[in-house]
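This report concerns only the one structure given below.
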Amino acid sequence: MYSFHIPLDRRRLFRSLLLASGGLVTNGLYAEALLLTPRATEGPYYPDHLPLDQDNDLTVILGGTAPAGGTVTEFGGRLLKADGSPVAGRTIELWQADVNGCYVHSKGVQRGKERDHHFQGYGKIVTNEKGEYRFRTIKPGLYTGRTLHWHIAVNEGGKRFLTTQLFIAGVEQNDSDGILQRMGTPEQRLSVIREFRPKSSGSEELLGTWDIIVGETPEEPEVRRGGPKAKGPRPEAPPDRN
């Protein structure tokens with residue numbers, strides 16, 4: 001497990017609070033330093049049939065004969081409460097487009113494209129006692145009308161505490177992505193746009209870190225058009241929510 005850290009923008013904010021308070025920072029102030037990760041729509045392509053292989057390495061399917069296409073990308077960090085304490089034992093789910101921009105979903109294949117059947121498309125991991133998690137996956141393919149993104153959900157005991165999305169710094173479509181631009185405050189949006197750099201000198205694999213800050217209250221399931229609130233595995237949403 002990597003030695004993960006609070007991202008630089010949050011550490012700067014925390015340091016500014018220290019300076020402003022003469023080094024006396026209360027739990028309440030620290031809670032302000034750790035901004036809650038903003039929520040985002042689940043989108044239409046949460047798998048309608050979960051794959052048999054659901055581990056946190058999406059690049060190789062159990063029993064598969066070849067690795068997934070695309071740029072291998074790893075990211076991880078800690079699941080934290082607003083006061084900075086770790087949250088252990090919660091399940092973090094990830095689902096995303098493959099290198100061709102297609103999802104593991106019965107309607108998730110883009111026109112003129114084929115799904116990469118070597119890519120798992122969905123994975124999950126339970127946070128350890130330090131709140132740590134990690135995924136090994138690929139850089140998402142570009143889905144029509146969106147920027148590059150990963151879908152993330154945090155669950156415990158059948159309740160969902162957070163649905164959000166993670167983005168890559170420097171992608172030109174970020175500035176025009178409607179979902180990203182509607183996520184929380186400007187400071188919260190910065191918290192879901194992370195830098196990904198080569199894993200090591202000369203490596204083609206990318207590596208990033210991301211701490212997820214979650215609230216205490218489970219979120220309300222999304223209300224779908226023409227249907228009730230979602231229960232359990234999320235049903236398909238309208239095509240403009242992806």
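Going through the structure tokens in order, the chains are called A, B, and so on, while each chain numbers its residues from 1 and the ligands are numbered from 1 in the order shown.
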Please list as an MDAnalysis selection string every residue within 12 Å of segment 75-77 of chain A, counting only C-alpha atoms and excluding residues in the same chain fewer than 3 positions away.
chainID A and resid 1:7 56:57 72 80 86:87 92 94 125 127:128 130:139 150 152 166:168 194:199 205:213
List every residue of segment 3-235 of chain A that DSSP, applied to the backbone of this structure, places in helix (DSSP H, G or I), and write the result as a tab-separated table (two decimals) with N, CA and C atoms, in the first residue's frame.
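Output below, filename result-v1.tsv:
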chain	number	residue	atom	x	y	z
A	8	LEU	N	-2.30	18.45	-2.05
A	8	LEU	CA	-1.60	19.68	-1.76
A	8	LEU	C	-2.53	20.85	-1.47
A	9	ASP	N	-3.63	20.98	-2.23
A	9	ASP	CA	-4.50	22.12	-2.02
A	9	ASP	C	-5.11	22.10	-0.62
A	10	ARG	N	-5.40	20.90	-0.10
A	10	ARG	CA	-5.97	20.81	1.25
A	10	ARG	C	-4.91	21.06	2.31
A	11	ARG	N	-3.68	20.58	2.06
A	11	ARG	CA	-2.63	20.84	3.03
A	11	ARG	C	-2.32	22.33	3.11
A	12	ARG	N	-2.38	23.03	1.99
A	12	ARG	CA	-2.17	24.47	2.00
A	12	ARG	C	-3.26	25.17	2.79
A	13	LEU	N	-4.50	24.72	2.61
A	13	LEU	CA	-5.60	25.32	3.34
A	13	LEU	C	-5.43	25.09	4.83
A	14	PHE	N	-5.06	23.88	5.21
A	14	PHE	CA	-4.86	23.58	6.61
A	14	PHE	C	-3.73	24.43	7.20
A	15	ARG	N	-2.63	24.60	6.43
A	15	ARG	CA	-1.52	25.42	6.90
A	15	ARG	C	-1.94	26.87	7.06
A	16	SER	N	-2.80	27.37	6.16
A	16	SER	CA	-3.26	28.73	6.30
A	16	SER	C	-4.12	28.91	7.54
A	17	LEU	N	-4.87	27.87	7.91
A	17	LEU	CA	-5.65	27.93	9.13
A	17	LEU	C	-4.74	27.95	10.36
A	18	LEU	N	-3.65	27.19	10.30
A	18	LEU	CA	-2.68	27.21	11.39
A	18	LEU	C	-2.11	28.61	11.59
A	19	LEU	N	-1.73	29.26	10.49
A	19	LEU	CA	-1.16	30.60	10.58
A	19	LEU	C	-2.19	31.59	11.10
A	20	ALA	N	-3.42	31.45	10.64
A	20	ALA	CA	-4.46	32.39	11.04
A	20	ALA	C	-4.82	32.26	12.51
A	27	ASN	N	-10.97	21.13	16.35
A	27	ASN	CA	-11.50	20.09	15.47
A	27	ASN	C	-12.45	20.69	14.44
A	28	GLY	N	-13.19	21.72	14.85
A	28	GLY	CA	-14.11	22.35	13.94
A	28	GLY	C	-13.40	22.99	12.77
A	29	LEU	N	-12.27	23.65	13.01
A	29	LEU	CA	-11.51	24.26	11.94
A	29	LEU	C	-10.91	23.21	11.03
A	30	TYR	N	-10.43	22.12	11.61
A	30	TYR	CA	-9.86	21.05	10.79
A	30	TYR	C	-10.92	20.45	9.90
A	31	ALA	N	-12.16	20.37	10.44
A	31	ALA	CA	-13.26	19.85	9.63
A	31	ALA	C	-13.49	20.74	8.41
A	32	GLU	N	-13.30	22.06	8.58
A	32	GLU	CA	-13.45	22.95	7.45
A	32	GLU	C	-12.34	22.70	6.43
A	33	ALA	N	-11.14	22.35	6.92
A	33	ALA	CA	-10.01	22.10	6.01
A	33	ALA	C	-10.29	20.91	5.12
A	172	GLU	N	-8.70	18.64	-21.70
A	172	GLU	CA	-9.32	19.84	-22.25
A	172	GLU	C	-10.83	19.85	-22.10
A	173	GLN	N	-11.46	18.70	-22.07
A	173	GLN	CA	-12.93	18.65	-21.96
A	173	GLN	C	-13.42	18.98	-20.55
A	174	ASN	N	-12.52	19.06	-19.57
A	174	ASN	CA	-12.95	19.36	-18.20
A	174	ASN	C	-13.73	20.68	-18.12
A	175	ASP	N	-13.24	21.70	-18.82
A	175	ASP	CA	-13.85	23.03	-18.72
A	175	ASP	C	-15.26	23.09	-19.28
A	176	SER	N	-15.60	22.17	-20.18
A	176	SER	CA	-16.93	22.19	-20.80
A	176	SER	C	-17.82	21.05	-20.30
A	178	GLY	N	-20.46	19.51	-18.27
A	178	GLY	CA	-21.55	20.04	-17.46
A	178	GLY	C	-21.64	19.43	-16.08
A	179	ILE	N	-21.42	18.12	-15.98
A	179	ILE	CA	-21.53	17.46	-14.68
A	179	ILE	C	-20.43	17.95	-13.75
A	180	LEU	N	-19.20	17.99	-14.23
A	180	LEU	CA	-18.09	18.48	-13.40
A	180	LEU	C	-18.34	19.92	-12.96
A	181	GLN	N	-18.77	20.77	-13.86
A	181	GLN	CA	-18.94	22.18	-13.53
A	181	GLN	C	-20.09	22.44	-12.55
A	186	PRO	N	-16.34	25.70	-6.05
A	186	PRO	CA	-15.08	25.63	-6.79
A	186	PRO	C	-14.00	24.85	-6.05
A	187	GLU	N	-13.94	25.03	-4.73
A	187	GLU	CA	-12.94	24.30	-3.94
A	187	GLU	C	-13.21	22.81	-3.96
A	188	GLN	N	-14.49	22.41	-3.89
A	188	GLN	CA	-14.83	21.00	-3.94
A	188	GLN	C	-14.51	20.42	-5.31
A	189	ARG	N	-14.75	21.17	-6.37
A	189	ARG	CA	-14.43	20.67	-7.70
A	189	ARG	C	-12.93	20.41	-7.84
A	190	LEU	N	-12.11	21.28	-7.25
A	190	LEU	CA	-10.67	21.04	-7.29
A	190	LEU	C	-10.31	19.71	-6.64
A	191	SER	N	-11.08	19.31	-5.64
A	191	SER	CA	-10.75	18.09	-4.90
A	191	SER	C	-11.00	16.82	-5.70
Got a sec to tell me which of segment 10-239 of chain A DSSP assigns to strand (DSSP E), as a PyMOL selection string?
chain A and resi 72-80+91-96+122-126+132-138+149-156+159-168+193-194+197-198+206-209+212-213
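The space between atom CA of Glu129 of chain A and atom CA of Thr91 of chain A spans 12.6 Å.
Among the candidates A:Ala169, A:Thr65, A:Ile193, A:Gly123, the one nearest to Asp53 of chain A when counting only C-alpha atoms is A:Gly123.
Nearest residue to Cys102 of chain A, choosing from A:Leu79, A:Leu142, A:Gly63, A:Ala68 and counting only C-alpha atoms: A:Leu142.
Near segment 114-122 of chain A, within a cut-off of 6 Å and counting only C-alpha atoms, sit the residues Leu58, Thr59, Ile61, Pro67, Ala68, Leu94, Trp95, Gln96, Cys102 and Val104 of chain A, with same-chain residues fewer than 5 positions away left out.
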